[in-house]
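Visitor: Sharing input36.pdb (PDB, C-alpha atoms) below.
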```
ATOM      1  CA  MET N 272     -71.551  58.090   3.518
ATOM      2  CA  SER N 273     -71.388  55.166   5.946
ATOM      3  CA  ASP N 274     -68.970  53.340   3.630
ATOM      4  CA  ILE N 275     -66.680  56.383   3.471
ATOM      5  CA  ALA N 276     -66.701  56.689   7.253
ATOM      6  CA  THR N 277     -65.875  53.004   7.617
ATOM      7  CA  ILE N 278     -62.928  53.365   5.257
ATOM      8  CA  ARG N 279     -61.660  56.392   7.157
ATOM      9  CA  ARG N 280     -61.862  54.525  10.473
ATOM     10  CA  ALA N 281     -60.082  51.516   9.000
ATOM     11  CA  SER N 282     -57.296  53.469   7.264
ATOM     12  CA  PRO N 283     -55.157  53.988  10.435
ATOM     13  CA  SER N 284     -55.186  50.259  11.165
ATOM     14  CA  ILE N 285     -54.309  49.527   7.532
ATOM     15  CA  LYS N 286     -51.384  51.921   7.691
ATOM     16  CA  ARG N 287     -50.176  50.356  10.949
ATOM     17  CA  GLY N 288     -50.411  46.916   9.363
ATOM     18  CA  GLU N 289     -48.400  48.065   6.333
ATOM     19  CA  ALA N 290     -45.793  49.644   8.604
ATOM     20  CA  LEU N 291     -45.467  46.463  10.672
ATOM     21  CA  GLY N 292     -45.177  44.415   7.484
ATOM     22  CA  MET N 293     -42.444  46.709   6.205
ATOM     23  CA  ILE N 294     -40.549  46.511   9.494
ATOM     24  CA  LEU N 295     -40.843  42.725   9.502
ATOM     25  CA  ARG N 296     -39.453  42.519   5.970
ATOM     26  CA  TYR N 297     -36.502  44.715   6.918
ATOM     27  CA  VAL N 298     -35.807  42.604  10.001
ATOM     28  CA  VAL N 299     -35.853  39.398   7.968
ATOM     29  CA  ALA N 300     -33.604  40.989   5.310
ATOM     30  CA  VAL N 301     -31.082  42.153   7.925
ATOM     31  CA  ILE N 302     -31.013  38.722   9.570
ATOM     32  CA  GLY N 303     -30.454  37.099   6.169
ATOM     33  CA  ILE N 304     -27.614  39.499   5.316
ATOM     34  CA  ILE N 305     -25.930  38.904   8.667
ATOM     35  CA  PHE N 306     -26.313  35.152   8.267
ATOM     36  CA  ALA N 307     -24.733  35.310   4.794
ATOM     37  CA  LEU N 308     -21.905  37.742   5.618
ATOM     38  CA  PHE N 309     -20.821  36.387   8.994
ATOM     39  CA  PRO N 310     -18.727  33.480   7.594
ATOM     40  CA  VAL N 311     -17.038  35.873   5.163
ATOM     41  CA  LEU N 312     -16.268  38.368   7.923
ATOM     42  CA  TRP N 313     -14.960  35.551  10.108
ATOM     43  CA  VAL N 314     -12.564  34.383   7.369
ATOM     44  CA  ILE N 315     -11.409  37.964   6.702
ATOM     45  CA  SER N 316     -10.784  38.396  10.421
ATOM     46  CA  ALA N 317      -8.796  35.147  10.507
ATOM     47  CA  SER N 318      -6.669  36.237   7.557
ATOM     48  CA  LEU N 319      -5.750  39.454   9.414
ATOM     49  CA  ASN N 320      -4.957  37.707  12.691
ATOM     50  CA  PRO N 321      -1.137  37.713  13.103
ATOM     51  CA  ALA N 322      -1.291  34.792  15.569
ATOM     52  CA  GLY N 323      -2.647  32.609  12.758
ATOM     53  CA  THR N 324      -4.172  29.954  15.013
ATOM     54  CA  MET N 325      -7.790  28.902  15.392
ATOM     55  CA  THR N 326      -7.694  29.113  19.183
ATOM     56  CA  SER N 327      -6.864  32.832  19.063
ATOM     57  CA  GLN N 328      -9.585  33.630  16.518
ATOM     58  CA  THR N 329     -11.867  36.575  17.290
ATOM     59  CA  LEU N 330     -14.230  38.571  15.108
ATOM     60  CA  ILE N 331     -12.087  41.692  15.551
ATOM     61  CA  PRO N 332      -8.455  40.546  15.564
ATOM     62  CA  ARG N 333      -5.924  42.199  17.826
ATOM     63  CA  ASN N 334      -2.932  43.838  16.143
ATOM     64  CA  ALA N 335      -4.365  43.085  12.692
ATOM     65  CA  SER N 336      -1.747  42.816   9.962
ATOM     66  CA  LEU N 337      -1.101  41.385   6.512
ATOM     67  CA  ALA N 338       1.490  38.899   7.766
ATOM     68  CA  ASN N 339      -0.514  35.882   6.592
ATOM     69  CA  TYR N 340      -0.686  37.288   3.059
ATOM     70  CA  GLY N 341       3.049  37.893   3.185
ATOM     71  CA  VAL N 342       3.619  34.214   3.940
ATOM     72  CA  LEU N 343       1.700  33.231   0.800
ATOM     73  CA  LEU N 344       3.343  35.830  -1.435
ATOM     74  CA  GLY N 345       6.795  35.569   0.079
ATOM     75  CA  GLY N 346       8.237  33.547  -2.793
ATOM     76  CA  ASP N 347       8.897  30.359  -0.839
ATOM     77  CA  PRO N 348       9.671  27.723  -3.530
ATOM     78  CA  ARG N 349       8.069  25.044  -1.371
ATOM     79  CA  PHE N 350       4.715  26.845  -1.454
ATOM     80  CA  PRO N 351       4.440  28.799  -4.748
ATOM     81  CA  PHE N 352       0.954  30.185  -4.077
ATOM     82  CA  PRO N 353       0.930  32.612  -7.069
ATOM     83  CA  ARG N 354       1.832  29.701  -9.332
ATOM     84  CA  TRP N 355      -0.976  27.586  -7.891
ATOM     85  CA  LEU N 356      -3.417  30.436  -8.368
ATOM     86  CA  PHE N 357      -2.354  30.889 -11.988
ATOM     87  CA  ASN N 358      -2.647  27.139 -12.636
ATOM     88  CA  SER N 359      -6.219  27.056 -11.365
ATOM     89  CA  PHE N 360      -7.218  30.121 -13.354
ATOM     90  CA  TYR N 361      -5.848  29.079 -16.704
ATOM     91  CA  ILE N 362      -7.013  25.450 -16.364
ATOM     92  CA  ALA N 363     -10.528  26.663 -15.564
ATOM     93  CA  ALA N 364     -10.458  29.301 -18.325
ATOM     94  CA  ILE N 365      -9.251  26.899 -21.024
ATOM     95  CA  THR N 366     -11.744  24.247 -19.949
ATOM     96  CA  ALA N 367     -14.609  26.764 -19.993
ATOM     97  CA  ILE N 368     -13.705  28.062 -23.466
ATOM     98  CA  LEU N 369     -13.311  24.591 -24.947
ATOM     99  CA  ALA N 370     -16.492  23.395 -23.243
ATOM    100  CA  VAL N 371     -18.493  26.268 -24.731
ATOM    101  CA  LEU N 372     -17.135  25.679 -28.239
ATOM    102  CA  VAL N 373     -17.451  21.889 -28.287
ATOM    103  CA  THR N 374     -20.795  21.836 -26.494
ATOM    104  CA  SER N 375     -22.341  24.479 -28.736
ATOM    105  CA  LEU N 376     -21.301  22.608 -31.882
ATOM    106  CA  SER N 377     -22.639  19.326 -30.491
ATOM    107  CA  ALA N 378     -25.915  20.906 -29.391
ATOM    108  CA  TYR N 379     -26.368  22.553 -32.790
ATOM    109  CA  ALA N 380     -25.870  19.209 -34.532
ATOM    110  CA  PHE N 381     -28.375  17.441 -32.259
ATOM    111  CA  SER N 382     -30.887  20.257 -32.618
ATOM    112  CA  ARG N 383     -30.729  20.938 -36.358
ATOM    113  CA  PHE N 384     -29.576  17.720 -38.006
ATOM    114  CA  ARG N 385     -31.445  14.444 -38.288
ATOM    115  CA  PHE N 386     -29.204  11.374 -38.382
ATOM    116  CA  ARG N 387     -29.306   7.738 -37.391
ATOM    117  CA  HIS N 388     -29.209   6.911 -33.646
ATOM    118  CA  ARG N 389     -29.497  10.588 -32.779
ATOM    119  CA  ARG N 390     -31.934   9.932 -29.933
ATOM    120  CA  ASN N 391     -29.855   7.039 -28.597
ATOM    121  CA  LEU N 392     -26.765   9.233 -28.465
ATOM    122  CA  LEU N 393     -28.649  11.899 -26.527
ATOM    123  CA  LEU N 394     -29.909   9.341 -24.043
ATOM    124  CA  THR N 395     -26.401   7.934 -23.689
ATOM    125  CA  LEU N 396     -25.029  11.374 -22.843
ATOM    126  CA  PHE N 397     -27.755  11.808 -20.274
ATOM    127  CA  LEU N 398     -27.224   8.391 -18.664
ATOM    128  CA  ILE N 399     -23.491   8.966 -18.353
ATOM    129  CA  GLN N 400     -24.209  11.912 -16.069
ATOM    130  CA  VAL N 401     -26.159   9.660 -13.695
ATOM    131  CA  PHE N 402     -22.978   7.990 -12.460
ATOM    132  CA  PRO N 403     -20.984  10.143 -10.005
ATOM    133  CA  ASN N 404     -17.364  10.994 -10.693
ATOM    134  CA  MET N 405     -16.310   9.061  -7.604
ATOM    135  CA  LEU N 406     -17.029   5.829  -9.469
ATOM    136  CA  THR N 407     -14.680   6.741 -12.311
ATOM    137  CA  MET N 408     -11.604   7.867 -10.380
ATOM    138  CA  VAL N 409      -9.647   4.634 -10.832
ATOM    139  CA  ALA N 410     -10.628   4.353 -14.505
ATOM    140  CA  LEU N 411      -9.636   7.959 -15.214
ATOM    141  CA  PHE N 412      -6.314   7.495 -13.443
ATOM    142  CA  LEU N 413      -5.491   4.393 -15.488
ATOM    143  CA  LEU N 414      -6.706   6.099 -18.666
ATOM    144  CA  LEU N 415      -4.325   9.016 -18.236
ATOM    145  CA  GLN N 416      -1.548   6.661 -17.246
ATOM    146  CA  GLN N 417      -1.893   4.727 -20.502
ATOM    147  CA  LEU N 418      -2.492   7.847 -22.584
ATOM    148  CA  GLY N 419       0.685   9.417 -21.228
ATOM    149  CA  VAL N 420       2.729   6.587 -22.724
ATOM    150  CA  TYR N 421       1.747   7.688 -26.248
ATOM    151  CA  ILE N 422       0.992  11.394 -25.660
ATOM    152  CA  PRO N 423       3.040  12.656 -22.689
ATOM    153  CA  ALA N 424       1.293  16.048 -22.714
ATOM    154  CA  LEU N 425      -2.009  14.337 -21.848
ATOM    155  CA  GLY N 426      -0.737  11.910 -19.216
ATOM    156  CA  LEU N 427      -0.668  11.944 -15.441
ATOM    157  CA  ASN N 428       0.629  15.061 -13.692
ATOM    158  CA  THR N 429      -0.132  17.243 -16.717
ATOM    159  CA  HIS N 430      -2.611  20.053 -17.067
ATOM    160  CA  GLY N 431      -3.575  18.798 -20.524
ATOM    161  CA  GLY N 432      -4.741  15.475 -19.146
ATOM    162  CA  LEU N 433      -6.686  17.177 -16.361
ATOM    163  CA  ILE N 434      -8.407  19.508 -18.848
ATOM    164  CA  LEU N 435      -9.309  16.489 -20.983
ATOM    165  CA  ILE N 436     -11.013  14.843 -18.002
ATOM    166  CA  TYR N 437     -12.875  18.015 -17.093
ATOM    167  CA  LEU N 438     -14.140  18.392 -20.668
ATOM    168  CA  GLY N 439     -15.522  14.881 -20.660
ATOM    169  CA  GLY N 440     -17.276  15.543 -17.371
ATOM    170  CA  VAL N 441     -19.116  18.692 -18.462
ATOM    171  CA  MET N 442     -20.207  17.607 -21.922
ATOM    172  CA  GLY N 443     -23.318  15.583 -21.123
ATOM    173  CA  ILE N 444     -25.565  17.908 -19.147
ATOM    174  CA  ASN N 445     -24.375  21.007 -21.017
ATOM    175  CA  VAL N 446     -25.265  19.467 -24.391
ATOM    176  CA  TRP N 447     -28.785  18.874 -23.103
ATOM    177  CA  LEU N 448     -29.058  22.435 -21.783
ATOM    178  CA  MET N 449     -27.819  23.973 -25.022
ATOM    179  CA  LYS N 450     -29.922  21.711 -27.209
ATOM    180  CA  GLY N 451     -33.064  22.935 -25.470
ATOM    181  CA  PHE N 452     -31.992  26.502 -26.097
ATOM    182  CA  PHE N 453     -31.219  25.792 -29.762
ATOM    183  CA  ASP N 454     -34.637  24.163 -30.159
ATOM    184  CA  SER N 455     -36.312  27.403 -29.031
ATOM    185  CA  ILE N 456     -34.864  29.281 -32.016
ATOM    186  CA  PRO N 457     -37.202  29.115 -35.049
ATOM    187  CA  ARG N 458     -36.023  27.016 -37.971
ATOM    188  CA  ASP N 459     -37.291  29.733 -40.282
ATOM    189  CA  ILE N 460     -33.979  31.510 -39.673
ATOM    190  CA  ASP N 461     -32.047  28.523 -41.012
ATOM    191  CA  GLU N 462     -34.339  28.071 -43.989
ATOM    192  CA  SER N 463     -34.189  31.747 -44.961
ATOM    193  CA  ALA N 464     -30.381  31.710 -44.766
ATOM    194  CA  MET N 465     -30.197  28.538 -46.867
ATOM    195  CA  VAL N 466     -32.344  30.180 -49.535
ATOM    196  CA  ASP N 467     -29.744  32.958 -49.649
ATOM    197  CA  GLY N 468     -26.985  30.385 -50.119
ATOM    198  CA  ALA N 469     -25.561  30.262 -46.591
ATOM    199  CA  SER N 470     -23.799  27.097 -45.418
ATOM    200  CA  HIS N 471     -24.475  25.335 -42.106
ATOM    201  CA  TRP N 472     -21.315  26.849 -40.633
ATOM    202  CA  GLN N 473     -22.329  30.365 -41.673
ATOM    203  CA  ILE N 474     -25.809  29.826 -40.224
ATOM    204  CA  PHE N 475     -24.360  28.607 -36.944
ATOM    205  CA  TRP N 476     -21.631  31.216 -36.550
ATOM    206  CA  MET N 477     -23.332  34.326 -37.946
ATOM    207  CA  LEU N 478     -27.001  33.786 -37.075
ATOM    208  CA  ILE N 479     -27.519  31.167 -34.359
ATOM    209  CA  PHE N 480     -24.416  31.739 -32.258
ATOM    210  CA  PRO N 481     -25.276  35.362 -31.311
ATOM    211  CA  LEU N 482     -28.820  34.325 -30.369
ATOM    212  CA  VAL N 483     -27.673  31.614 -27.953
ATOM    213  CA  ARG N 484     -25.152  33.837 -26.172
ATOM    214  CA  PRO N 485     -27.072  33.694 -22.857
ATOM    215  CA  ILE N 486     -26.738  29.931 -22.484
ATOM    216  CA  LEU N 487     -23.118  30.102 -23.650
ATOM    217  CA  VAL N 488     -22.314  32.525 -20.838
ATOM    218  CA  VAL N 489     -24.132  30.380 -18.287
ATOM    219  CA  VAL N 490     -22.327  27.209 -19.393
ATOM    220  CA  GLY N 491     -18.988  29.021 -19.420
ATOM    221  CA  ILE N 492     -19.414  30.425 -15.915
ATOM    222  CA  LEU N 493     -20.691  27.171 -14.416
ATOM    223  CA  THR N 494     -17.819  25.259 -16.004
ATOM    224  CA  PHE N 495     -15.251  27.812 -14.847
ATOM    225  CA  ILE N 496     -16.483  27.802 -11.254
ATOM    226  CA  GLY N 497     -16.789  24.011 -11.130
ATOM    227  CA  VAL N 498     -13.288  23.406 -12.499
ATOM    228  CA  TYR N 499     -11.676  26.211 -10.498
ATOM    229  CA  SER N 500     -13.065  24.925  -7.202
ATOM    230  CA  ASP N 501     -12.449  21.218  -7.879
ATOM    231  CA  PHE N 502     -10.178  19.445  -5.437
ATOM    232  CA  LEU N 503     -10.586  15.684  -5.773
ATOM    233  CA  LEU N 504      -9.659  15.150  -9.423
ATOM    234  CA  ALA N 505      -6.760  17.588  -9.272
ATOM    235  CA  ARG N 506      -5.470  15.933  -6.091
ATOM    236  CA  ILE N 507      -5.443  12.502  -7.729
ATOM    237  CA  MET N 508      -4.089  13.450 -11.165
ATOM    238  CA  LEU N 509      -1.437  16.015 -10.180
ATOM    239  CA  SER N 510       1.623  15.369  -8.053
ATOM    240  CA  SER N 511       4.374  17.900  -8.858
ATOM    241  CA  ASN N 512       4.443  20.935  -6.597
ATOM    242  CA  ASP N 513       4.551  23.436  -9.464
ATOM    243  CA  GLN N 514       1.652  21.708 -11.250
ATOM    244  CA  LEU N 515      -0.824  21.849  -8.365
ATOM    245  CA  THR N 516      -3.984  23.922  -8.402
ATOM    246  CA  VAL N 517      -4.721  26.407  -5.646
ATOM    247  CA  MET N 518      -7.159  24.120  -3.808
ATOM    248  CA  VAL N 519      -4.720  21.225  -3.749
ATOM    249  CA  GLY N 520      -1.812  23.527  -2.971
ATOM    250  CA  LEU N 521      -3.512  24.966   0.095
ATOM    251  CA  GLN N 522      -4.292  21.469   1.348
ATOM    252  CA  VAL N 523      -0.675  20.439   0.876
ATOM    253  CA  PHE N 524       0.495  23.620   2.592
ATOM    254  CA  ILE N 525      -1.735  23.078   5.608
ATOM    255  CA  GLY N 526      -1.047  19.344   5.859
ATOM    256  CA  GLY N 527      -2.013  18.104   9.299
ATOM    257  CA  GLN N 528      -1.581  21.471  11.023
ATOM    258  CA  PHE N 529      -4.901  23.080  10.222
ATOM    259  CA  THR N 530      -5.397  24.809  13.577
ATOM    260  CA  GLN N 531      -1.863  26.223  13.593
ATOM    261  CA  ASN N 532      -2.007  27.570  10.013
ATOM    262  CA  TRP N 533      -5.616  28.763  10.097
ATOM    263  CA  GLY N 534      -4.713  32.394   9.344
ATOM    264  CA  VAL N 535      -2.634  31.550   6.283
ATOM    265  CA  PHE N 536      -5.310  29.160   5.049
ATOM    266  CA  ALA N 537      -7.986  31.855   5.424
ATOM    267  CA  ALA N 538      -5.834  34.359   3.530
ATOM    268  CA  GLY N 539      -5.286  31.845   0.746
ATOM    269  CA  GLY N 540      -8.996  31.079   0.542
ATOM    270  CA  LEU N 541      -9.857  34.766   0.178
ATOM    271  CA  MET N 542      -7.242  35.321  -2.514
ATOM    272  CA  ALA N 543      -8.377  32.187  -4.353
ATOM    273  CA  ALA N 544     -11.949  33.502  -4.427
ATOM    274  CA  ILE N 545     -10.969  36.725  -6.217
ATOM    275  CA  PRO N 546     -10.960  35.298  -9.807
ATOM    276  CA  ILE N 547     -14.440  33.784  -9.371
ATOM    277  CA  VAL N 548     -15.832  37.049  -8.006
ATOM    278  CA  VAL N 549     -14.231  39.072 -10.823
ATOM    279  CA  VAL N 550     -15.532  36.739 -13.551
ATOM    280  CA  TYR N 551     -19.032  36.803 -12.107
ATOM    281  CA  LEU N 552     -19.091  40.598 -11.753
ATOM    282  CA  LEU N 553     -17.891  41.067 -15.331
ATOM    283  CA  LEU N 554     -20.500  38.705 -16.793
ATOM    284  CA  GLN N 555     -23.478  39.186 -14.494
ATOM    285  CA  ASP N 556     -25.212  41.484 -16.996
ATOM    286  CA  GLN N 557     -24.890  38.774 -19.631
ATOM    287  CA  ILE N 558     -26.471  36.240 -17.281
ATOM    288  CA  VAL N 559     -29.365  38.326 -15.986
ATOM    289  CA  GLY N 560     -30.155  40.362 -19.100
ATOM    290  CA  GLY N 561     -29.292  37.690 -21.624
ATOM    291  CA  LEU N 562     -31.408  34.929 -20.106
ATOM    292  CA  THR N 563     -34.498  37.140 -20.229
ATOM    293  CA  GLN N 564     -33.932  38.767 -23.613
ATOM    294  CA  GLY N 565     -31.619  36.594 -25.649
ATOM    295  CA  ALA N 566     -33.860  33.614 -26.303
ATOM    296  CA  VAL N 567     -36.121  33.668 -29.341
ATOM    297  CA  LYS N 568     -39.244  31.619 -28.831
ATOM    298  CA  GLY N 569     -40.680  29.827 -31.808
TER     299      GLY N 569
END
```
When written as structure tokens, how does the structure in this file appear?
Guide:
Amino acid sequence: MSDIATIRRASPSIKRGEALGMILRYVVAVIGIIFALFPVLWVISASLNPAGTMTSQTLIPRNASLANYGVLLGGDPRFPFPRWLFNSFYIAAITAILAVLVTSLSAYAFSRFRFRHRRNLLLTLFLIQVFPNMLTMVALFLLLQQLGVYIPALGLNTHGGLILIYLGGVMGINVWLMKGFFDSIPRDIDESAMVDGASHWQIFWMLIFPLVRPILVVVGILTFIGVYSDFLLARIMLSSNDQLTVMVGLQVFIGGQFTQNWGVFAAGGLMAAIPIVVVYLLLQDQIVGGLTQGAVKG
């Protein structure tokens, strides 16, 4: 009976402690949400500010309007923002698709086949990623310059040449990621299919490829976001106004008048973020659900 009485006396304090813990968690969550959303709200406010300058920026703009968006979509041939947006999207999309295809084939070969210098090739791919892209800017520029002499579509100031550079940059680490995922799939699947007369291509495309869909989605999204948001490579390799990506185009548009064109820049940044948000929302189920259920452990 004494134990029951002790529990009854302690229960109010336990409930108060749980309530305080719950309140504390809510307070921390609210602070985190405010901290994360404030920059976004500030940029949205700037995009709706008709004055368009940084000095007149307030959280709630006066006389809010869509004038800054009209400047971007007004059809000025000097600043073809829709064209820049389309360039970024299709360059990132093509690079992501090609990266997934080429990387998956390479990872399958490294995972399933045994050939001479296989380990050395894997280590070489890994070591290449150690060197930052900043060290290769001059070499890549000269490479495209020489390549453009023989294949104009892959030279400087071409989207083909830029895609080629992006593909080379994402191959190394993605091959390692995919190879680890391929290794987790039991080889019994391959052996059973070979007994039934299936070729390596049929095994890869019909059996292995659906099982590695989670890592394919992850690689595709990471490649898309990385290429879409890149500024440095695109700024160096592209020069024509109609060939620019959205990041480079906005920088060219702003020039040295950042404080005066702050509203237009904020509007362009918000519109440029739409494709990334849409792609992520469409594929988030594949990322979350696929990574937990798609892998087959051997």
Visitor: Could you give me, as number ranges by chain, the residues within 7 Å of Lys450 in chain N, counting all atoms listed in the file and dropping anything in the same chain fewer than 5 positions from it?
Guide: N: 378-379, 381-382
Visitor: Which neighbours of Leu376 in chain N fall inside 12 Å, counting all atoms listed in the file, when residues of the same chain fewer than 6 positions from it are skipped, and could you give them as a PyMOL selection string?
Guide: chain N and resi 369-370+382-384+442+445-446+449-450+453+471-472+474-476+479-480+483+487
Visitor: What are the nearest atom pairs, with distances in Å to one decimal, for all residues of range 474-553 of chain N that come at most 6 Å from range 307-320 of chain N, using all atoms listed in the file, set out by chain and rising residue number as JSON lines?
Guide:
```
{"residue": "N:Gly534", "atom": "CA", "partner": "N:Ser318", "partner_atom": "CA", "distance": 4.7}
{"residue": "N:Ala537", "atom": "CA", "partner": "N:Ser318", "partner_atom": "CA", "distance": 5.0}
{"residue": "N:Ala538", "atom": "CA", "partner": "N:Ser318", "partner_atom": "CA", "distance": 4.5}
```
Visitor: Output C-alpha atoms for every residue in the selection just made, as a CSV table (one decimal), in the coordinates of the input.
Guide:
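Output below, filename again12.csv:
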```csv
chain,number,residue,atom,x,y,z
N,534,GLY,CA,-4.7,32.4,9.3
N,537,ALA,CA,-8.0,31.9,5.4
N,538,ALA,CA,-5.8,34.4,3.5
```
Visitor: Quick one: pull the distance between CA of Met518 in chain N and CA of Gly443 in chain N, Å, one decimal.
Guide: 25.2 Å
Visitor: Please measure the separation of CA of Val548 in chain N and CA of Leu521 in chain N, giving the value in Å to one decimal.
Guide: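 CA of Val548 in chain N sits 19.1 Å away from CA of Leu521 in chain N.
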Visitor: Please determine, counting all atoms listed in the file, which residue among N:Val342, N:Ile399, N:Arg506, N:Pro485 has the shortest atom-to-atom distance to Leu448 in chain N.
Guide: N:Pro485
Visitor: Which polymer residues have any atom within 10 Å of an atom of Tyr437 in chain N, counting all atoms listed in the file, with same-chain residues fewer than 5 positions away left out, as an MDAnalysis selection string?
Guide: chainID N and resid 362:363 366:367 370 431:432 442 494 497:498 501 504:505
Visitor: At what distance in Å, to one decimal, does CA of Ser455 in chain N lie from CA of Gly491 in chain N?
Guide: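 Spanning CA of Gly491 in chain N to CA of Ser455 in chain N is a straight-line distance of 19.9 Å.
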Visitor: For range 350-357 of chain N, take all atoms listed in the file, fit an axis-aligned box around them, add 8 Å to each of the six sides, then output centre and edge lengths in Å rounded to one decimal, as AutoDock Vina command-line options.
Guide:
```
--center_x 0.6 --center_y 29.7 --center_z -6.7 --size_x 24.1 --size_y 21.8 --size_z 26.5
```
Visitor: Selection in question (the file shown): the PyMOL selection byres ((chain N and resi 411-419) around 10). Which residues does it include, as a list in words?
Guide: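 Checked against the file, the PyMOL selection byres ((chain N and resi 411-419) around 10) matches Asn404, Leu406, Thr407, Met408, Val409, Ala410, Val420, Tyr421, Ile422, Pro423, Ala424, Leu425, Gly426, Leu427, Asn428, Thr429, Gly432, Leu433, Leu435, Ile436, Leu504, Ile507 and Met508 of chain N.
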Visitor: Choose the residue, out of N:Leu291, N:Ala338, N:Ile434, N:Met477, that has the smallest atom-to-atom separation from Phe495 in chain N; count only C-alpha atoms.
Guide: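 Counting only C-alpha atoms, the residue closest to Phe495 in chain N is N:Ile434.
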Visitor: Selection in question (the file shown): the PyMOL selection byres ((chain N and resi 344) around 12). Which residues does it include, as a list in words?
Guide: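 Given this file, the PyMOL selection byres ((chain N and resi 344) around 12) evaluates to Leu337, Ala338, Asn339, Tyr340, Gly341, Val342, Leu343, Gly345, Gly346, Asp347, Pro348, Arg349, Phe350, Pro351, Phe352, Pro353, Arg354, Trp355, Leu356, Val535, Ala538, Gly539 and Met542 of chain N.
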Visitor: Go ahead and write the residues just picked, C-alpha atoms, as a PDB file, in the coordinates of the input.
Guide:
```pdb
ATOM      1  CA  LEU N 337      -1.101  41.385   6.512  1.00  0.00           C
ATOM      2  CA  ALA N 338       1.490  38.899   7.766  1.00  0.00           C
ATOM      3  CA  ASN N 339      -0.514  35.882   6.592  1.00  0.00           C
ATOM      4  CA  TYR N 340      -0.686  37.288   3.059  1.00  0.00           C
ATOM      5  CA  GLY N 341       3.049  37.893   3.185  1.00  0.00           C
ATOM      6  CA  VAL N 342       3.619  34.214   3.940  1.00  0.00           C
ATOM      7  CA  LEU N 343       1.700  33.231   0.800  1.00  0.00           C
ATOM      8  CA  GLY N 345       6.795  35.569   0.079  1.00  0.00           C
ATOM      9  CA  GLY N 346       8.237  33.547  -2.793  1.00  0.00           C
ATOM     10  CA  ASP N 347       8.897  30.359  -0.839  1.00  0.00           C
ATOM     11  CA  PRO N 348       9.671  27.723  -3.530  1.00  0.00           C
ATOM     12  CA  ARG N 349       8.069  25.044  -1.371  1.00  0.00           C
ATOM     13  CA  PHE N 350       4.715  26.845  -1.454  1.00  0.00           C
ATOM     14  CA  PRO N 351       4.440  28.799  -4.748  1.00  0.00           C
ATOM     15  CA  PHE N 352       0.954  30.185  -4.077  1.00  0.00           C
ATOM     16  CA  PRO N 353       0.930  32.612  -7.069  1.00  0.00           C
ATOM     17  CA  ARG N 354       1.832  29.701  -9.332  1.00  0.00           C
ATOM     18  CA  TRP N 355      -0.976  27.586  -7.891  1.00  0.00           C
ATOM     19  CA  LEU N 356      -3.417  30.436  -8.368  1.00  0.00           C
ATOM     20  CA  VAL N 535      -2.634  31.550   6.283  1.00  0.00           C
ATOM     21  CA  ALA N 538      -5.834  34.359   3.530  1.00  0.00           C
ATOM     22  CA  GLY N 539      -5.286  31.845   0.746  1.00  0.00           C
ATOM     23  CA  MET N 542      -7.242  35.321  -2.514  1.00  0.00           C
TER      24      MET N 542
END
```
